[in-house]
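Working notes, beginning with the structure itself.
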2 protein chains.
Amino acid sequence: MDGFAAPPRPRSVTLRDVARAAGVSVATASKALNGKTDVRAETRQRVQAAAASLAFTPNSLAQAMLAGQSGTVGLLTNDLEGRFSIPILMGAENAFGAGRMSVFLCDAREDPIRESYHLKALLGRRVDGLIVVGSRTDPRPTVGHDLPVPVVYAYAPSLDDDDCSLVPDNVNAGAIAVQHLLSVGRRRIAHISGEVSYAAATDRAEGAARVLAEAGLSLVGEHVRYGSWTEAWGRAATAALLHSEPDVDAIVCGSDQIARGALDVLHDRGIAVPSRVAVIGFDNWEPFVTGSRPRLTSVDMNFETLGRTAAQRLVEAIRGEQRHGVEALPCRLVIRESTTGS
Amino acid sequence: MDGFAAPPRPRSVTLRDVARAAGVSVATASKALNGKTDVRAETRQRVQAAAASLAFTPNSLAQAMLAGQSGTVGLLTNDLEGRFSIPILMGAENAFGAGRMSVFLCDAREDPIRESYHLKALLGRRVDGLIVVGSRTDPRPTVGHDLPVPVVYAYAPSLDDDDCSLVPDNVNAGAIAVQHLLSVGRRRIAHISGEVSYAAATDRAEGAARVLAEAGLSLVGEHVRYGSWTEAWGRAATAALLHSEPDVDAIVCGSDQIARGALDVLHDRGIAVPSRVAVIGFDNWEPFVTGSRPRLTSVDMNFETLGRTAAQRLVEAIRGEQRHGVEALPCRLVIRESTTGS
DNA sequence: GAAACAAGCGAAACCGTTTTCGCTGAACCT
DNA sequence: AGGTTCAGCGAAAACGGTTTCGCTTGTTTC
């Protein structure tokens with residue numbers, strides 16, 4: 001740590017500086033750098049050389065003011081610590097990053113006050129659009145209709161059908177899981193899930209039950225065992241399940257964590273997976289599904305696609321092609337050794 | 001989906017609109033809304049009423065141009081999918097969110113090309129400062145010295161000591177872990193870690209070895225067992241360890257995932273934890289440490305504090321109080337049942 | 001050789017806000 | 001009554017670009 005002051009920070013260079021260096025007016029400099037006509041080739045080169053040697057970076061704020069478009073979007077999340085918003089955020093960031101959009105990130109932490117505060121800040125910065133990300137798939141209040149910019153809701157849909165929302169198709173996810181278990185010959189299928197207050201839990205149960213019914217079957221024990229989204233619950237519920245339904249041959253687990261708990265108990269009891277009991281989870285959360293013995297088959301909710309699609313919908317809306325209503329995106333089965341083979 | 005066009009989006013209202021509605025000039029309107037003097041109370045109220053009824057939001061872009069400060073910072077991460085940058089990001093977001101700063105988020109995905117592209121975009125948007133987040137604690141190249149704004153490096157320090165970097169103190173973390181094991185009476189301590197190419201692995205090993213040496217001890221088996229940051233490696237290494245060093249009474253595991261693998265093998269062998277062998281991990285990754293049997297003692301790297309501190313350093317630097325060099329932040333032991341009690 | 005024309009460049013307006021400074025009118029003082 | 005002070009307000013400049021439009025040139029055409 002030296003005690004001396006830092007070297008003076010170079011004032012950022014403006015178009016006026018470039019123009020002066022090239023011996024032209026700002027108007028000509030602007031046209032030269034933006035590929036407009038009405039500039040002699042030799043002049044253009046002189047300006048470009050000057051801009052390069054001065055490390056000129058156009059001030060996007062000034063450009064935004066003229067254009068009326070800031071080239072930025074707001075990402076208003078409520079689940080920054082959770083694992084849902086991150087892949088969504090990544091998908092959105094990637095979709096925008098290809099173009100010329102920059103992303104403002106805000107975390108409202110489920111607090112409506114904080115949310116409206118951030119909303120105001122984002123509108124003040126004249127974002128061209130807004131993506132609102134929730135922490136659960138349960139519907140949430142709209143952030144408002146008469147906003148000056150379009151809004152897309154991701155993961156948590158808006159309660160208002162005028163808004164444009166994107167959610168993973170949890171019903172489909174439940175169906176996919178059971179279809180897979182049926183396809184590998186299972187008939188006595190149980191379902192252990194997380195908190196019943198989560199739409200994600202009940203939706204998946206609905207899809208699972210539907211496919212079972214279509215096959216002329218029903219759940220072993222007739223009901224879904226709801227609890228919490230934890231390994232501990234997975235262990236407890238599996239123990240209870242094995243006690244009351246010893247002939248179960250497959251367990252649908254509401255999350256990968258629950259599935260891990262189930263695998264642990266099956267392992268302790270010497271029940272072979274998948275030969276005697278198959279196990280399937282949801283979320284396809286990398287460290288959990290690949291760390292287990294055996295590795296876990298899981299339904300991936302395609303969060304990154306969700307985020308990318310949300311970004312696309314937003315760009316469309318900014319261009320004037322606004323959509324309305326809730327769009328459910330399909331999920332994807334990732335097969336590993338907890339349901340098949342070896 | 002209706003086929004009609006969306007209702008026309010209200011053009012955003014400007015100060016001029018407010019001034020006209022209140023029957024004053026823009027200058028007076030500005031002063032009235034910003035609490036300046038030289039405005040009669042009655043006039044101020046009229047302006048405020050007009051602003052409220054028109055839902056006026058000042059255009060931050062215009063404000064930024066005047067002030068020469070945009071009130072934004074760039075967060076340039078290389079590890080958006082990983083779990084290190086997220087808590088750091090949260091800490092930074094929280095530290096800024098309290099004030100009036102907004103955060104631009106970019107993910108360079110370890111690609112220098114993408115990084116410089118994003119850097120250019122951020123500078124174009126005239127961010128007031130920059131936080132660069134890496135995916136490993138190994139030093140990385142600087143993004144440049146002659147930037148018009150201050151930069152703080154978080155997690156991955158800059159190779160250049162002129163830059164300001166913040167890292168978790170991994171040496172300290174290793175020391176803390178061994179101190180704890182010694183304090184609960186362990187003497188035959190082994191160390192299983194991740195990839196040896198990671199500074200995080202070797203730094204922790206260094207701290208652990210130092211404390212052991214100070215106690216007149218050395219590692220059981222004399223060397224750290226490096227491998228990968230996975231449960232599978234934790235299992236394999238633990239099995240090998242138990243074979244060659246059956247009298248081990250504690251295992252320092254380089255990550256919570258490795259520790260989970262170790263716990264599984266100990267459980268399978270019927271070796272009681274913690275009574276016969278204590279296990280400690282690093283990172284304090286919630287779902288892993290609380291899902292295990294028993295719950296896992298772990299060294300928390302205080303990422304959120306790291307992010308918050310990075311934000312503070314950046315704000316200081318923006319105010320002109322630039323620091324230099326690498327600052328290592330202390331870690332925190334979180335004691336659970338894998339090392340004590342029950 | 002004069003008229004018509006195009007190429008190349010610069011002056012100026014504009015975006016929305018803040019800030020400085022000058023102006024007006026009322027109240028005060030002698 | 002005339003001069004001074006001061007509160008209250010507005011005109012204008014500024015930030016850094018983009019765009020329109022008009023002005024010089026030099027070239028072409030009859």
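Residue numbering restarts at 1 in every chain; chains get A, B, ... in the order shown in the structure tokens, and ligands count up from 1 in that same order.
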
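The residue set within 12 Å of DT24 (chain D), counting only C-alpha atoms (C1' of nucleotides) and dropping same-chain residues fewer than 6 places from it, reads DA6, DA7, DG8, DC9 and DG10 of chain C.
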
Inset, instruction - Find the spatial neighbours of Ser70 (chain A), counting only C-alpha atoms (C1' of nucleotides), within a cut-off of 9 Å - ignore same-chain residues fewer than 5 positions away - and output them as an NGL selection string. - result: (:A and (60-61 or 63-65 or 101 or 125-128)) or (:B and (61))

Could the residues in this selection be saved with N, CA and C atoms as a short mmCIF file (atom, residue, chain, number, x, y, z; two decimals), in the first residue's frame?
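Output (again.cif):
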```
data_model
loop_
_atom_site.label_atom_id
_atom_site.label_comp_id
_atom_site.auth_asym_id
_atom_site.auth_seq_id
_atom_site.Cartn_x
_atom_site.Cartn_y
_atom_site.Cartn_z
N SER A 60 -22.69 5.80 -24.43
CA SER A 60 -23.99 5.20 -24.70
C SER A 60 -25.14 6.00 -24.09
N LEU A 61 -24.85 6.72 -23.04
CA LEU A 61 -25.91 7.51 -22.42
C LEU A 61 -26.40 8.57 -23.40
N GLN A 63 -26.06 8.53 -26.64
CA GLN A 63 -26.73 7.85 -27.76
C GLN A 63 -28.14 7.46 -27.38
N ALA A 64 -28.28 6.96 -26.15
CA ALA A 64 -29.60 6.51 -25.70
C ALA A 64 -30.59 7.67 -25.67
N MET A 65 -30.11 8.82 -25.23
CA MET A 65 -31.01 9.96 -25.14
C MET A 65 -31.57 10.34 -26.50
N MET A 101 -27.62 -5.57 -26.07
CA MET A 101 -28.35 -5.25 -24.84
C MET A 101 -27.47 -5.50 -23.61
N ARG A 125 -33.92 4.59 -15.26
CA ARG A 125 -32.78 4.38 -16.15
C ARG A 125 -33.23 4.08 -17.57
N ARG A 126 -34.50 4.14 -17.79
CA ARG A 126 -35.07 4.01 -19.13
C ARG A 126 -34.72 2.69 -19.78
N VAL A 127 -34.87 1.60 -19.01
CA VAL A 127 -34.70 0.29 -19.60
C VAL A 127 -35.72 0.12 -20.71
N ASP A 128 -35.37 -0.67 -21.72
CA ASP A 128 -36.28 -0.89 -22.84
C ASP A 128 -37.29 -1.99 -22.53
N LEU B 61 -30.61 8.91 -17.39
CA LEU B 61 -29.59 9.06 -18.42
C LEU B 61 -29.19 10.53 -18.53
#
```

Legend entry - chain A residues near chain C (8 Å cut-off, only C-alpha atoms (C1' of nucleotides)) as a count of residues only: 10

Inset, instruction - Determine, counting only C-alpha atoms (C1' of nucleotides), which protein, DNA and RNA residues have an atom within 12 Å of an atom of region 256-258 of chain A; residues of the same chain fewer than 6 positions away are not included. Present the result as a PyMOL selection string. - result: (chain A and resi 191-195+225-238+264-265+279-292+295-301+338) or (chain B and resi 286-288+290-292)

Inset, instruction - May I have all residues of region 48-275 of chain A that DSSP, computed from the backbone, assigns to strand (DSSP E or B), given as a VMD selection string? - result: chain A and resid 72 to 77 102 to 107 129 to 133 140 151 to 154 158 164 to 168 189 to 192 225 250 to 253

Would you mind exporting N, CA and C atoms of the selected residues as a compact mmCIF listing (two decimals), in the first residue's frame?
```
# COMPACT_ATOMS: atom_id res chain seq x y z
N THR A 72 -30.83 -1.29 -22.81
CA THR A 72 -30.68 -2.03 -21.56
C THR A 72 -32.02 -2.66 -21.17
N VAL A 73 -31.95 -3.74 -20.45
CA VAL A 73 -33.17 -4.34 -19.89
C VAL A 73 -32.95 -4.59 -18.41
N GLY A 74 -34.03 -4.61 -17.68
CA GLY A 74 -33.96 -4.88 -16.24
C GLY A 74 -34.30 -6.32 -15.97
N LEU A 75 -33.54 -6.94 -15.07
CA LEU A 75 -33.82 -8.30 -14.64
C LEU A 75 -34.13 -8.21 -13.16
N LEU A 76 -35.40 -8.35 -12.83
CA LEU A 76 -35.85 -8.15 -11.46
C LEU A 76 -36.14 -9.52 -10.87
N THR A 77 -35.22 -10.00 -10.04
CA THR A 77 -35.39 -11.34 -9.52
C THR A 77 -35.76 -11.31 -8.05
N SER A 102 -27.58 -4.63 -22.64
CA SER A 102 -26.95 -4.89 -21.36
C SER A 102 -28.03 -5.10 -20.32
N VAL A 103 -27.67 -5.84 -19.26
CA VAL A 103 -28.67 -6.27 -18.29
C VAL A 103 -28.44 -5.60 -16.93
N PHE A 104 -29.47 -4.94 -16.44
CA PHE A 104 -29.47 -4.45 -15.06
C PHE A 104 -30.01 -5.54 -14.16
N LEU A 105 -29.27 -5.90 -13.13
CA LEU A 105 -29.75 -6.94 -12.23
C LEU A 105 -30.18 -6.35 -10.89
N CYS A 106 -31.37 -6.75 -10.43
CA CYS A 106 -31.85 -6.32 -9.12
C CYS A 106 -32.42 -7.52 -8.40
N ASP A 107 -32.23 -7.58 -7.11
CA ASP A 107 -32.80 -8.64 -6.31
C ASP A 107 -33.77 -8.03 -5.31
N GLY A 129 -37.01 -2.77 -21.48
CA GLY A 129 -37.91 -3.86 -21.12
C GLY A 129 -37.51 -4.46 -19.80
N LEU A 130 -38.34 -5.40 -19.33
CA LEU A 130 -38.19 -5.90 -17.98
C LEU A 130 -38.49 -7.39 -17.95
N ILE A 131 -37.63 -8.16 -17.28
CA ILE A 131 -37.95 -9.55 -17.01
C ILE A 131 -38.08 -9.70 -15.51
N VAL A 132 -39.20 -10.26 -15.07
CA VAL A 132 -39.43 -10.45 -13.65
C VAL A 132 -39.35 -11.94 -13.34
N VAL A 133 -38.43 -12.30 -12.47
CA VAL A 133 -38.21 -13.71 -12.15
C VAL A 133 -38.67 -14.00 -10.72
N ARG A 140 -48.01 -14.69 -9.26
CA ARG A 140 -47.70 -13.53 -8.44
C ARG A 140 -48.41 -12.30 -8.99
N VAL A 151 -43.06 -6.08 -20.26
CA VAL A 151 -42.58 -6.92 -19.18
C VAL A 151 -42.82 -8.38 -19.52
N VAL A 152 -41.85 -9.23 -19.22
CA VAL A 152 -42.04 -10.67 -19.35
C VAL A 152 -41.78 -11.31 -17.99
N TYR A 153 -42.69 -12.18 -17.57
CA TYR A 153 -42.52 -12.88 -16.30
C TYR A 153 -41.93 -14.26 -16.56
N ALA A 154 -40.91 -14.61 -15.80
CA ALA A 154 -40.30 -15.92 -15.96
C ALA A 154 -40.36 -16.71 -14.66
N SER A 158 -47.44 -14.06 -13.98
CA SER A 158 -48.27 -13.00 -13.44
C SER A 158 -49.69 -13.50 -13.26
N CYS A 164 -47.40 -11.22 -20.14
CA CYS A 164 -46.76 -12.34 -20.83
C CYS A 164 -45.89 -13.11 -19.84
N SER A 165 -46.21 -14.37 -19.63
CA SER A 165 -45.49 -15.16 -18.63
C SER A 165 -44.93 -16.43 -19.25
N LEU A 166 -43.79 -16.86 -18.75
CA LEU A 166 -43.16 -18.11 -19.19
C LEU A 166 -42.86 -18.98 -17.98
N VAL A 167 -43.36 -20.20 -18.00
CA VAL A 167 -43.11 -21.11 -16.88
C VAL A 167 -42.69 -22.47 -17.41
N PRO A 168 -41.98 -23.24 -16.60
CA PRO A 168 -41.71 -24.61 -17.00
C PRO A 168 -42.99 -25.41 -16.87
N ILE A 189 -45.67 -47.69 -8.51
CA ILE A 189 -44.94 -46.42 -8.43
C ILE A 189 -45.45 -45.58 -7.27
N ALA A 190 -44.50 -45.08 -6.47
CA ALA A 190 -44.85 -44.17 -5.37
C ALA A 190 -44.38 -42.77 -5.70
N HIS A 191 -44.91 -41.80 -4.98
CA HIS A 191 -44.56 -40.40 -5.24
C HIS A 191 -44.29 -39.68 -3.92
N ILE A 192 -43.05 -39.25 -3.75
CA ILE A 192 -42.67 -38.45 -2.58
C ILE A 192 -42.33 -37.06 -3.08
N ARG A 225 -46.89 -38.35 -1.10
CA ARG A 225 -46.39 -38.05 0.24
C ARG A 225 -45.68 -36.70 0.22
N ALA A 250 -40.82 -48.40 -7.91
CA ALA A 250 -40.28 -47.14 -8.42
C ALA A 250 -40.75 -45.99 -7.53
N ILE A 251 -39.88 -44.99 -7.36
CA ILE A 251 -40.25 -43.81 -6.58
C ILE A 251 -40.01 -42.56 -7.40
N VAL A 252 -41.07 -41.78 -7.59
CA VAL A 252 -40.94 -40.46 -8.18
C VAL A 252 -40.66 -39.49 -7.04
N CYS A 253 -39.53 -38.80 -7.10
CA CYS A 253 -39.17 -37.88 -6.03
C CYS A 253 -39.29 -36.44 -6.54
```

May I have a table of the residues of chain D lying at most 12 Å from chain B, giving each one's closest pair of atoms and their distance in Å to one decimal, counting only C-alpha atoms (C1' of nucleotides), ordered by chain and ascending residue number, as a Markdown table?
```
| residue | atom | partner | partner_atom | distance |
| --- | --- | --- | --- | --- |
| D:DC6 | C1' | B:Asp38 | CA | 10.7 |
| D:DA7 | C1' | B:Asp38 | CA | 6.9 |
| D:DG8 | C1' | B:Asp38 | CA | 5.8 |
| D:DC9 | C1' | B:Thr28 | CA | 6.8 |
| D:DG10 | C1' | B:Ser25 | CA | 6.2 |
| D:DA11 | C1' | B:Ala27 | CA | 9.2 |
| D:DA12 | C1' | B:Ala27 | CA | 10.5 |
| D:DA13 | C1' | B:Leu66 | CA | 11.7 |
| D:DA14 | C1' | B:Leu66 | CA | 7.5 |
| D:DC15 | C1' | B:Leu66 | CA | 4.8 |
| D:DG16 | C1' | B:Met65 | CA | 7.8 |
| D:DG17 | C1' | B:Met65 | CA | 10.7 |
```

Inset, instruction - For Thr309 (chain A), please output as a PyMOL selection string all residues within 9 Å (counting only C-alpha atoms (C1' of nucleotides); exclusion window: fewer than 3 positions along the same chain). - result: chain A and resi 91-92+95+166+304-306+312-314

Inset, instruction - Enter the distance from CA of Phe303 (chain A) to CA of His145 (chain A), in Å, rounded to one decimal. - result: 25.8 Å

Legend entry - Spatial neighbours of Leu212 (chain A), 12 Å, only C-alpha atoms (C1' of nucleotides), chain gap at least 2 places, as a PyMOL selection string: chain A and resi 174-183+186-191+205-210+214-220+222+252

Determine which residues of region 175-328 of chain A receive a DSSP assignment of helix (DSSP H, G or I), computed from the backbone, and state them as a PDB file with C-alpha atoms, in the first residue's frame.
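Result went into part_15.pdb, see below:
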```
ATOM      1  CA  ALA A 175     -45.963 -36.976 -16.925  1.00  0.00           C
ATOM      2  CA  ILE A 176     -42.520 -37.468 -18.450  1.00  0.00           C
ATOM      3  CA  ALA A 177     -41.214 -38.973 -15.237  1.00  0.00           C
ATOM      4  CA  VAL A 178     -43.976 -41.549 -14.975  1.00  0.00           C
ATOM      5  CA  GLN A 179     -43.881 -42.342 -18.684  1.00  0.00           C
ATOM      6  CA  HIS A 180     -40.217 -43.160 -18.326  1.00  0.00           C
ATOM      7  CA  LEU A 181     -40.809 -45.406 -15.322  1.00  0.00           C
ATOM      8  CA  LEU A 182     -43.596 -47.213 -17.155  1.00  0.00           C
ATOM      9  CA  SER A 183     -41.345 -47.634 -20.179  1.00  0.00           C
ATOM     10  CA  ALA A 199     -47.574 -25.353  -7.361  1.00  0.00           C
ATOM     11  CA  ALA A 200     -44.467 -27.153  -8.620  1.00  0.00           C
ATOM     12  CA  ALA A 201     -45.268 -30.043  -6.300  1.00  0.00           C
ATOM     13  CA  THR A 202     -48.956 -30.352  -7.104  1.00  0.00           C
ATOM     14  CA  ASP A 203     -48.523 -29.759 -10.830  1.00  0.00           C
ATOM     15  CA  ARG A 204     -45.987 -32.529 -11.119  1.00  0.00           C
ATOM     16  CA  ALA A 205     -48.263 -34.774  -9.102  1.00  0.00           C
ATOM     17  CA  GLU A 206     -51.117 -33.975 -11.461  1.00  0.00           C
ATOM     18  CA  GLY A 207     -49.093 -34.903 -14.536  1.00  0.00           C
ATOM     19  CA  ALA A 208     -47.842 -38.072 -12.908  1.00  0.00           C
ATOM     20  CA  ALA A 209     -51.328 -39.136 -11.832  1.00  0.00           C
ATOM     21  CA  ARG A 210     -52.734 -38.491 -15.288  1.00  0.00           C
ATOM     22  CA  VAL A 211     -50.223 -40.742 -17.023  1.00  0.00           C
ATOM     23  CA  LEU A 212     -50.697 -43.415 -14.406  1.00  0.00           C
ATOM     24  CA  ALA A 213     -54.444 -43.283 -14.899  1.00  0.00           C
ATOM     25  CA  GLU A 214     -54.055 -43.512 -18.661  1.00  0.00           C
ATOM     26  CA  GLU A 231     -32.861 -34.965   1.816  1.00  0.00           C
ATOM     27  CA  ALA A 232     -34.062 -35.580   5.372  1.00  0.00           C
ATOM     28  CA  TRP A 233     -37.663 -35.730   4.211  1.00  0.00           C
ATOM     29  CA  GLY A 234     -36.639 -37.996   1.370  1.00  0.00           C
ATOM     30  CA  ARG A 235     -35.130 -40.387   3.891  1.00  0.00           C
ATOM     31  CA  ALA A 236     -38.051 -40.252   6.299  1.00  0.00           C
ATOM     32  CA  ALA A 237     -40.698 -40.644   3.639  1.00  0.00           C
ATOM     33  CA  THR A 238     -38.866 -43.494   1.960  1.00  0.00           C
ATOM     34  CA  ALA A 239     -38.527 -45.355   5.230  1.00  0.00           C
ATOM     35  CA  ALA A 240     -42.244 -44.975   5.858  1.00  0.00           C
ATOM     36  CA  LEU A 241     -43.023 -45.975   2.302  1.00  0.00           C
ATOM     37  CA  LEU A 242     -40.976 -49.155   2.480  1.00  0.00           C
ATOM     38  CA  HIS A 243     -42.756 -50.047   5.685  1.00  0.00           C
ATOM     39  CA  SER A 244     -46.283 -49.677   4.350  1.00  0.00           C
ATOM     40  CA  ASP A 256     -33.180 -34.297  -6.637  1.00  0.00           C
ATOM     41  CA  GLN A 257     -32.567 -33.696  -2.967  1.00  0.00           C
ATOM     42  CA  ILE A 258     -35.520 -35.820  -1.959  1.00  0.00           C
ATOM     43  CA  ALA A 259     -34.285 -38.450  -4.384  1.00  0.00           C
ATOM     44  CA  ARG A 260     -30.885 -38.428  -2.732  1.00  0.00           C
ATOM     45  CA  GLY A 261     -32.537 -39.129   0.585  1.00  0.00           C
ATOM     46  CA  ALA A 262     -34.491 -41.975  -0.974  1.00  0.00           C
ATOM     47  CA  LEU A 263     -31.342 -43.469  -2.509  1.00  0.00           C
ATOM     48  CA  ASP A 264     -29.580 -43.369   0.840  1.00  0.00           C
ATOM     49  CA  VAL A 265     -32.319 -45.318   2.600  1.00  0.00           C
ATOM     50  CA  LEU A 266     -32.597 -47.867  -0.214  1.00  0.00           C
ATOM     51  CA  HIS A 267     -28.841 -48.315  -0.082  1.00  0.00           C
ATOM     52  CA  ASP A 268     -28.914 -48.825   3.688  1.00  0.00           C
ATOM     53  CA  GLU A 286     -25.642 -31.294 -11.438  1.00  0.00           C
ATOM     54  CA  PRO A 287     -23.778 -31.882  -8.182  1.00  0.00           C
ATOM     55  CA  PHE A 288     -26.666 -33.880  -6.754  1.00  0.00           C
ATOM     56  CA  VAL A 289     -27.464 -36.053  -9.726  1.00  0.00           C
ATOM     57  CA  THR A 290     -23.897 -36.957 -10.646  1.00  0.00           C
ATOM     58  CA  GLY A 291     -22.628 -37.387  -7.091  1.00  0.00           C
ATOM     59  CA  PHE A 303     -34.258 -23.144 -17.044  1.00  0.00           C
ATOM     60  CA  GLU A 304     -31.689 -21.822 -19.419  1.00  0.00           C
ATOM     61  CA  THR A 305     -34.062 -22.224 -22.324  1.00  0.00           C
ATOM     62  CA  LEU A 306     -36.689 -20.522 -20.217  1.00  0.00           C
ATOM     63  CA  GLY A 307     -34.406 -17.561 -19.677  1.00  0.00           C
ATOM     64  CA  ARG A 308     -33.383 -17.421 -23.302  1.00  0.00           C
ATOM     65  CA  THR A 309     -36.995 -17.588 -24.422  1.00  0.00           C
ATOM     66  CA  ALA A 310     -37.965 -14.874 -21.972  1.00  0.00           C
ATOM     67  CA  ALA A 311     -35.285 -12.678 -23.480  1.00  0.00           C
ATOM     68  CA  GLN A 312     -36.570 -13.416 -26.974  1.00  0.00           C
ATOM     69  CA  ARG A 313     -40.156 -12.661 -25.997  1.00  0.00           C
ATOM     70  CA  LEU A 314     -39.007  -9.408 -24.477  1.00  0.00           C
ATOM     71  CA  VAL A 315     -37.129  -8.375 -27.590  1.00  0.00           C
ATOM     72  CA  GLU A 316     -40.207  -9.185 -29.645  1.00  0.00           C
ATOM     73  CA  ALA A 317     -42.346  -7.114 -27.328  1.00  0.00           C
ATOM     74  CA  ILE A 318     -39.917  -4.209 -27.560  1.00  0.00           C
TER      75      ILE A 318
END
```

Inset, instruction - Work out how far apart CA of Ala98 (chain A) and CA of Lys120 (chain B) are and give it in Å to one decimal. - result: 14.2 Å

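The smallest atom-to-atom distance between chain A and any of B:Arg136, B:Arg16, B:Arg319, B:Arg276, using only C-alpha atoms, is found for B:Arg319.
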
Inset, instruction - Using only C-alpha atoms, find the one residue out of A:Gly254, A:Gly71, A:Ala52, A:Val248 that sits nearest to Ile271 (chain A). - result: A:Val248

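With only C-alpha atoms as the atoms that count, the minimum distance from chain A to the choices B:Ser30, B:Gln69, B:Asn172, B:Ser12 is reached by B:Ser12.
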
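For the choices A:Lys36, A:Arg44, A:Arg100, A:Arg20, the atom-to-atom distance to chain B is smallest for A:Arg100 when using only C-alpha atoms.
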